[in-house]
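Okay, start31.txt now, which holds compact mmCIF, N, CA and C atoms:
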```txt
# COMPACT_ATOMS: atom_id res chain seq x y z
N MET A 157 -33.97 -11.08 -6.85
CA MET A 157 -33.20 -10.83 -5.64
C MET A 157 -33.71 -11.70 -4.48
N GLU A 158 -35.03 -11.80 -4.31
CA GLU A 158 -35.58 -12.60 -3.22
C GLU A 158 -35.23 -14.08 -3.38
N LYS A 159 -35.25 -14.56 -4.62
CA LYS A 159 -34.93 -15.96 -4.87
C LYS A 159 -33.47 -16.25 -4.51
N ASP A 160 -32.57 -15.28 -4.80
CA ASP A 160 -31.16 -15.43 -4.46
C ASP A 160 -30.98 -15.51 -2.94
N VAL A 161 -31.72 -14.70 -2.21
CA VAL A 161 -31.65 -14.71 -0.74
C VAL A 161 -32.17 -16.05 -0.21
N GLU A 162 -33.26 -16.54 -0.74
CA GLU A 162 -33.82 -17.83 -0.30
C GLU A 162 -32.84 -18.96 -0.58
N THR A 163 -32.18 -18.93 -1.72
CA THR A 163 -31.21 -19.97 -2.06
C THR A 163 -30.04 -19.95 -1.10
N ARG A 164 -29.55 -18.78 -0.78
CA ARG A 164 -28.43 -18.68 0.17
C ARG A 164 -28.84 -19.10 1.57
N ALA A 165 -30.07 -18.77 1.98
CA ALA A 165 -30.54 -19.11 3.32
C ALA A 165 -30.70 -20.62 3.48
N ALA A 166 -30.98 -21.34 2.41
CA ALA A 166 -31.19 -22.78 2.48
C ALA A 166 -29.89 -23.56 2.54
N LYS A 167 -28.76 -22.93 2.25
CA LYS A 167 -27.47 -23.63 2.24
C LYS A 167 -26.96 -23.84 3.66
N LYS A 168 -26.21 -24.89 3.82
CA LYS A 168 -25.61 -25.25 5.09
C LYS A 168 -24.18 -24.69 5.15
N ILE A 169 -23.75 -24.23 6.32
CA ILE A 169 -22.39 -23.73 6.47
C ILE A 169 -21.47 -24.91 6.74
N ASN A 170 -20.45 -25.06 5.90
CA ASN A 170 -19.47 -26.13 6.04
C ASN A 170 -18.23 -25.60 6.73
N TYR A 171 -17.83 -26.23 7.80
CA TYR A 171 -16.58 -25.87 8.45
C TYR A 171 -16.00 -27.11 9.12
N THR A 172 -14.70 -27.09 9.27
CA THR A 172 -14.05 -28.21 9.93
C THR A 172 -13.71 -27.81 11.35
N ASP A 173 -12.53 -28.05 11.78
CA ASP A 173 -12.14 -27.83 13.17
C ASP A 173 -12.20 -26.37 13.58
N SER A 174 -12.25 -26.17 14.88
CA SER A 174 -12.28 -24.84 15.46
C SER A 174 -11.35 -24.84 16.67
N PHE A 175 -10.69 -23.74 16.95
CA PHE A 175 -9.76 -23.67 18.06
C PHE A 175 -9.71 -22.23 18.57
N THR A 176 -9.66 -22.07 19.88
CA THR A 176 -9.49 -20.75 20.46
C THR A 176 -8.54 -20.84 21.64
N PHE A 177 -7.76 -19.82 21.86
CA PHE A 177 -6.79 -19.79 22.94
C PHE A 177 -6.72 -18.38 23.49
N SER A 178 -6.65 -18.25 24.80
CA SER A 178 -6.57 -16.95 25.43
C SER A 178 -5.68 -17.04 26.66
N ALA A 179 -4.83 -16.05 26.86
CA ALA A 179 -3.93 -16.03 28.02
C ALA A 179 -3.78 -14.60 28.51
N GLU A 180 -3.53 -14.48 29.82
CA GLU A 180 -3.35 -13.16 30.41
C GLU A 180 -2.33 -13.27 31.54
N ALA A 181 -1.42 -12.31 31.59
CA ALA A 181 -0.43 -12.24 32.67
C ALA A 181 -0.44 -10.81 33.21
N GLU A 182 -0.31 -10.70 34.53
CA GLU A 182 -0.36 -9.40 35.17
C GLU A 182 0.65 -9.36 36.31
N LEU A 183 1.41 -8.29 36.37
CA LEU A 183 2.38 -8.09 37.43
C LEU A 183 2.18 -6.69 37.95
N GLY A 184 2.03 -6.56 39.27
CA GLY A 184 1.76 -5.23 39.78
C GLY A 184 1.78 -5.15 41.29
N TYR A 185 1.34 -4.01 41.80
CA TYR A 185 1.33 -3.70 43.22
C TYR A 185 -0.05 -3.17 43.59
N ILE A 186 -0.60 -3.63 44.73
CA ILE A 186 -1.89 -3.17 45.22
C ILE A 186 -1.69 -2.50 46.58
N PHE A 187 -2.21 -1.30 46.72
CA PHE A 187 -2.22 -0.61 48.01
C PHE A 187 -3.68 -0.42 48.40
N GLN A 188 -4.03 -0.88 49.63
CA GLN A 188 -5.42 -0.82 50.07
C GLN A 188 -5.48 -0.31 51.50
N GLU A 189 -6.48 0.52 51.78
CA GLU A 189 -6.68 1.03 53.14
C GLU A 189 -8.18 1.14 53.40
N ARG A 190 -8.59 0.66 54.62
CA ARG A 190 -9.99 0.75 55.03
C ARG A 190 -10.05 1.42 56.40
N PHE A 191 -11.21 2.01 56.71
CA PHE A 191 -11.35 2.78 57.95
C PHE A 191 -12.52 2.25 58.78
N LYS A 192 -12.23 1.87 60.05
CA LYS A 192 -13.28 1.38 60.94
C LYS A 192 -14.30 2.46 61.25
N GLY A 193 -13.84 3.70 61.40
CA GLY A 193 -14.75 4.81 61.71
C GLY A 193 -15.77 5.08 60.61
N LEU A 194 -15.47 4.65 59.38
CA LEU A 194 -16.39 4.84 58.26
C LEU A 194 -17.08 3.52 57.88
N ARG A 195 -17.17 2.61 58.88
CA ARG A 195 -17.84 1.31 58.73
C ARG A 195 -17.25 0.47 57.59
N GLY A 196 -15.93 0.48 57.47
CA GLY A 196 -15.25 -0.35 56.49
C GLY A 196 -15.02 0.31 55.14
N LEU A 197 -15.46 1.55 54.98
CA LEU A 197 -15.23 2.25 53.72
C LEU A 197 -13.73 2.45 53.51
N GLY A 198 -13.28 2.29 52.29
CA GLY A 198 -11.86 2.45 52.02
C GLY A 198 -11.59 2.64 50.55
N TYR A 199 -10.34 2.48 50.19
CA TYR A 199 -9.93 2.66 48.80
C TYR A 199 -8.76 1.73 48.49
N SER A 200 -8.50 1.56 47.22
CA SER A 200 -7.33 0.81 46.81
C SER A 200 -6.81 1.38 45.48
N PHE A 201 -5.50 1.24 45.30
CA PHE A 201 -4.84 1.62 44.06
C PHE A 201 -4.07 0.41 43.55
N THR A 202 -4.15 0.18 42.27
CA THR A 202 -3.42 -0.91 41.63
C THR A 202 -2.58 -0.31 40.51
N LEU A 203 -1.31 -0.67 40.50
CA LEU A 203 -0.39 -0.21 39.47
C LEU A 203 0.36 -1.42 38.95
N GLY A 204 0.45 -1.57 37.64
CA GLY A 204 1.12 -2.75 37.13
C GLY A 204 1.27 -2.77 35.62
N TYR A 205 1.62 -3.94 35.13
CA TYR A 205 1.80 -4.17 33.70
C TYR A 205 1.00 -5.42 33.34
N ARG A 206 0.25 -5.34 32.26
CA ARG A 206 -0.63 -6.44 31.86
C ARG A 206 -0.36 -6.81 30.40
N ALA A 207 -0.38 -8.11 30.13
CA ALA A 207 -0.25 -8.63 28.76
C ALA A 207 -1.35 -9.64 28.52
N LYS A 208 -2.04 -9.51 27.39
CA LYS A 208 -3.10 -10.43 27.01
C LYS A 208 -2.85 -10.91 25.59
N GLY A 209 -3.19 -12.15 25.35
CA GLY A 209 -3.08 -12.69 24.01
C GLY A 209 -4.28 -13.56 23.71
N ALA A 210 -4.74 -13.53 22.47
CA ALA A 210 -5.89 -14.34 22.07
C ALA A 210 -5.69 -14.81 20.64
N SER A 211 -6.20 -15.99 20.37
CA SER A 211 -6.11 -16.56 19.03
C SER A 211 -7.40 -17.33 18.75
N THR A 212 -7.97 -17.14 17.59
CA THR A 212 -9.16 -17.87 17.17
C THR A 212 -8.88 -18.41 15.78
N ILE A 213 -9.00 -19.70 15.61
CA ILE A 213 -8.72 -20.33 14.32
C ILE A 213 -9.89 -21.26 14.00
N SER A 214 -10.43 -21.13 12.83
CA SER A 214 -11.45 -22.07 12.39
C SER A 214 -10.86 -22.88 11.26
N GLY A 215 -11.49 -24.00 10.95
CA GLY A 215 -10.97 -24.90 9.93
C GLY A 215 -10.80 -24.25 8.58
N GLN A 216 -9.74 -24.59 7.91
CA GLN A 216 -9.48 -24.10 6.58
C GLN A 216 -9.98 -25.10 5.56
N ASN A 217 -10.67 -24.62 4.57
CA ASN A 217 -11.20 -25.49 3.53
C ASN A 217 -10.07 -25.94 2.62
N GLU A 218 -9.88 -27.25 2.51
CA GLU A 218 -8.83 -27.79 1.64
C GLU A 218 -9.35 -28.07 0.25
N ASP A 219 -10.67 -28.14 0.07
CA ASP A 219 -11.27 -28.41 -1.24
C ASP A 219 -11.80 -27.10 -1.81
N ASP A 220 -11.12 -26.54 -2.77
CA ASP A 220 -11.55 -25.29 -3.39
C ASP A 220 -12.27 -25.54 -4.71
N ASP A 221 -12.98 -26.63 -4.80
CA ASP A 221 -13.65 -26.94 -6.06
C ASP A 221 -15.07 -26.37 -6.08
N ASP A 222 -15.70 -26.41 -7.24
CA ASP A 222 -17.05 -25.85 -7.39
C ASP A 222 -18.11 -26.67 -6.64
N ASP A 223 -17.85 -27.94 -6.39
CA ASP A 223 -18.80 -28.79 -5.68
C ASP A 223 -19.04 -28.27 -4.27
N ASN A 224 -18.00 -27.80 -3.62
CA ASN A 224 -18.11 -27.27 -2.26
C ASN A 224 -18.93 -25.99 -2.25
N ILE A 225 -18.80 -25.16 -3.27
CA ILE A 225 -19.57 -23.92 -3.35
C ILE A 225 -21.04 -24.24 -3.58
N ALA A 226 -21.33 -25.25 -4.37
CA ALA A 226 -22.72 -25.60 -4.68
C ALA A 226 -23.45 -26.20 -3.49
N THR A 227 -22.75 -26.90 -2.60
CA THR A 227 -23.41 -27.58 -1.49
C THR A 227 -23.58 -26.71 -0.25
N GLY A 228 -22.88 -25.62 -0.15
CA GLY A 228 -23.03 -24.79 1.04
C GLY A 228 -22.03 -23.66 1.10
N LEU A 229 -22.05 -22.97 2.21
CA LEU A 229 -21.13 -21.87 2.45
C LEU A 229 -19.95 -22.39 3.25
N THR A 230 -18.80 -21.83 3.04
CA THR A 230 -17.59 -22.29 3.73
C THR A 230 -17.09 -21.20 4.68
N LEU A 231 -16.81 -21.58 5.90
CA LEU A 231 -16.32 -20.65 6.91
C LEU A 231 -14.81 -20.82 7.05
N GLU A 232 -14.07 -19.75 6.88
CA GLU A 232 -12.62 -19.75 7.10
C GLU A 232 -12.28 -18.50 7.89
N MET A 233 -11.54 -18.65 8.98
CA MET A 233 -11.26 -17.50 9.82
C MET A 233 -9.97 -17.70 10.61
N ASN A 234 -9.16 -16.69 10.71
CA ASN A 234 -8.00 -16.63 11.60
C ASN A 234 -8.02 -15.28 12.30
N ARG A 235 -7.63 -15.24 13.55
CA ARG A 235 -7.55 -13.97 14.26
C ARG A 235 -6.51 -14.10 15.35
N TYR A 236 -5.60 -13.15 15.44
CA TYR A 236 -4.58 -13.12 16.48
C TYR A 236 -4.57 -11.72 17.09
N ASP A 237 -4.65 -11.63 18.40
CA ASP A 237 -4.65 -10.35 19.10
C ASP A 237 -3.64 -10.38 20.23
N ILE A 238 -2.91 -9.29 20.40
CA ILE A 238 -1.99 -9.12 21.53
C ILE A 238 -2.15 -7.71 22.06
N TRP A 239 -2.43 -7.62 23.34
CA TRP A 239 -2.53 -6.34 24.03
C TRP A 239 -1.53 -6.34 25.17
N HIS A 240 -0.85 -5.23 25.39
CA HIS A 240 0.04 -5.14 26.54
C HIS A 240 0.26 -3.68 26.89
N GLY A 241 0.61 -3.44 28.15
CA GLY A 241 0.89 -2.09 28.58
C GLY A 241 0.70 -1.90 30.07
N ALA A 242 1.12 -0.76 30.52
CA ALA A 242 0.99 -0.39 31.95
C ALA A 242 -0.46 -0.02 32.24
N PHE A 243 -0.86 -0.19 33.52
CA PHE A 243 -2.21 0.19 33.92
C PHE A 243 -2.21 0.71 35.34
N ILE A 244 -3.23 1.48 35.65
CA ILE A 244 -3.46 1.96 37.02
C ILE A 244 -4.97 1.94 37.25
N ASN A 245 -5.37 1.45 38.41
CA ASN A 245 -6.78 1.40 38.79
C ASN A 245 -6.95 2.06 40.15
N ALA A 246 -8.03 2.79 40.33
CA ALA A 246 -8.41 3.37 41.61
C ALA A 246 -9.80 2.82 41.95
N ASN A 247 -9.97 2.29 43.17
CA ASN A 247 -11.22 1.66 43.57
C ASN A 247 -11.70 2.19 44.90
N LEU A 248 -12.99 2.30 45.02
CA LEU A 248 -13.63 2.65 46.28
C LEU A 248 -14.18 1.35 46.85
N ILE A 249 -13.89 1.04 48.12
CA ILE A 249 -14.26 -0.23 48.75
C ILE A 249 -15.24 0.04 49.88
N TRP A 250 -16.26 -0.78 49.95
CA TRP A 250 -17.18 -0.72 51.08
C TRP A 250 -17.54 -2.09 51.52
```
Structure re-expressed in structure tokens:
Amino acid sequence: MEKDVETRAAKKINYTDSFTFSAEAELGYIFQERFKGLRGLGYSFTLGYRAKGASTISGQNEDDDDDNIATGLTLEMNRYDIWHGAFINANLIW
């Protein structure tokens, strides 16, 4: 078992291109109020709709032969995420 771990640790990770993309859009309304008598203490409320998207792509191995397995480890990864929905925030300001 230890020899197998040492053999794997000595291998190099082979990967080609890498790409990541992230975007966010937000539409909403902010209401804010501060008070001079309280030395600028105040509050704010935010109400809106938010959409976020993310993508992570790493290079895909085009050579699926045994030579590639013998020379190292191959990294292949895809990930796509989309989040969206209404939100509300309450903040204390000083």
Go through A:Gly204, A:Asn234, A:Ile213, A:Leu197 and flag the residue nearest Tyr185 (chain A), using all atoms listed in the file for the distances.
-> A:Gly204
Could you tell me how far atom N of Glu189 (chain A) lies from CA of Phe201 (chain A), in Å and to one decimal?
-> 8.0 Å
Find the residues with any atom within 6 Å of (-5.4, -8.3, 25.9); use only N, CA and C atoms and the coordinates as given in the file, and write the answer as a ChimeraX atom specification.
-> /A:207-209,238-240
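The space separating atom C of Glu232 (chain A) from atom C of Phe177 (chain A) comes to 16.6 Å.
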Which polymer residues have any atom within 6 Å of an atom of Tyr199 (chain A), counting only C-alpha atoms, with same-chain residues fewer than 5 positions away left out, as a PyMOL selection string?
-> chain A and resi 188-189+247-249
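Between Asn245 (chain A) and the residues A:Leu194, A:Ser200, A:Thr176, A:Leu183, the shortest atom-to-atom distance, using all atoms listed in the file, involves A:Ser200.
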Selection near Tyr205 (chain A), 8 Å with all atoms listed in the file, sequence-local residues under 6 positions removed, as a count of residues only | 10
Just how far from CA of Ser211 (chain A) is atom N of Arg235 (chain A), in Å to one decimal?
->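 Going from atom N of Arg235 (chain A) over to CA of Ser211 (chain A), I get 5.8 Å.
In this comparison, which uses only C-alpha atoms, the residue of A:Gly196, A:Ala210, A:Ile186, A:Met233 approaching Ala246 (chain A) most closely is A:Ile186.
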